[in-house]
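S.K.: Pasting a structure here, questions to come.
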Amino acid sequence: MEMTLVYAMMICVLMVVLTVLVHYEGLRLISDQLLPRLHMHPRQRMVFTILGVFAAHTVEVWMFTACYSLLDGISGFGGFMGHREGGWVDYLYFSVVTYTSLGLGDVYPVGSFRLLTGVEALTGLLMIGWSASFTYILMVRFWEQHTEHDLRHKRGR
């Protein structure tokens, strides 16, 4: 097995672990630290939740962006082909397209980058699914609070 591929596998494992940790800590921060301190309407809490989840995904995309940027300069590791503008914009664009599994194809990986981009797509899919579950759980809780708030408000009239 080519050593570059072995290094790519190790980097993939590292990126998955880092992404899961960032996502876990981000969701935990939202649910355990920030939301209990916010005294606002359930609707506003839900908007805050979505923005927090979006921020976690943004950090994760930027982590893959940095990884692509660092690895692109290593000889023999691979890189990107296709329509490129040059610089960080290409890495960021490609990472967003890959993480979300959009996969437009105007920029595509070559060499060991193919493995890393496949793992990013799978990781992004898992994190998006996790976020959907998290959001659903909070939405059920907020919906109950919203209903209780409306009942108290109607009784108070």
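To be explicit about the labels: the chains of the structure tokens are called A, B, and onward in the order shown, and within each one the residues are counted from 1, while ligands get numbers from 1 in the order they are shown.
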List the spatial neighbours of A:Arg45 as a ChimeraX atom specification - criterion: any atom at most 12 Å away, only C-alpha atoms, same-chain residues fewer than 3 positions off excluded.
M.R.: /A:30-31,34-42,48-52,135,138-139,141-143,145-146
S.K.: Write a file of the selected residues as a compact mmCIF listing (two decimals), in the first residue's frame, keeping C-alpha atoms.
M.R.:
# COMPACT_ATOMS: atom_id res chain seq x y z
CA ILE A 30 -26.06 25.00 23.09
CA SER A 31 -28.29 22.68 25.13
CA LEU A 34 -26.53 28.64 26.58
CA LEU A 35 -30.22 27.74 26.26
CA PRO A 36 -30.86 27.39 30.02
CA ARG A 37 -29.53 30.94 30.52
CA LEU A 38 -31.67 32.48 27.81
CA HIS A 39 -34.97 33.87 29.05
CA MET A 40 -36.83 34.29 25.83
CA HIS A 41 -39.82 32.99 23.92
CA PRO A 42 -39.51 29.37 22.64
CA PHE A 48 -30.87 30.61 18.49
CA THR A 49 -30.56 26.80 18.36
CA ILE A 50 -30.49 26.74 14.55
CA LEU A 51 -27.86 29.50 14.46
CA GLY A 52 -25.74 27.58 16.98
CA THR A 135 -33.11 20.11 16.54
CA LEU A 138 -35.36 20.61 21.18
CA MET A 139 -38.30 21.55 18.97
CA ARG A 141 -39.43 20.56 24.12
CA PHE A 142 -39.92 24.13 22.89
CA TRP A 143 -43.30 23.27 21.40
CA GLN A 145 -43.15 25.21 26.41
CA HIS A 146 -44.83 27.28 23.71
S.K.: When DSSP is applied to the backbone of this structure, which of chain A are assigned strand (DSSP E)? Write them out as a list in words.
M.R.: Gly78, Gly79, Phe80, Met81, Gly82, Val107, Tyr108, Pro109, Val110 and Gly111 of chain A
S.K.: So how many Å separate atom CA of A:Phe113 and atom CA of A:His83, to one decimal?
M.R.: 16.4 Å
S.K.: Which is closest to A:Tyr91 among A:Met63, A:Cys12, A:Leu104, A:Leu21, if we use only C-alpha atoms?
M.R.: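 Of all the options, A:Met63 lies closest to A:Tyr91.
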S.K.: Which residues come within 12 Å of A:Glu60, counting only C-alpha atoms, excluding same-chain residues fewer than 2 positions away, as number ranges by chain?
M.R.: A: 15-26, 53-58, 62-67, 92, 95-96, 98-100, 120-121, 123-124, 127-128
S.K.: Select, from A:Leu115, A:Ile74, A:Val97, A:Met81, the residue with the minimum atom-to-atom distance to A:Val6, counting only C-alpha atoms.
M.R.: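 The closest residue to A:Val6 is A:Leu115.
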S.K.: Determine the nearest neighbour of A:Leu27 from the options A:Val110, A:Ala132, A:Met3, A:Val140, counting only C-alpha atoms.
M.R.: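 Answer, going by the shortest atom-to-atom distance: A:Ala132.
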S.K.: Taking into account only C-alpha atoms, which residue in the set A:Tyr108, A:Tyr93, A:Trp130, A:Tyr136 is nearest to A:Gly79?
M.R.: A:Tyr108
S.K.: Distance atom CA of A:Asp106-atom CA of A:Ser69, one decimal place?
M.R.: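 Atom CA of A:Asp106 sits 18.0 Å away from atom CA of A:Ser69.
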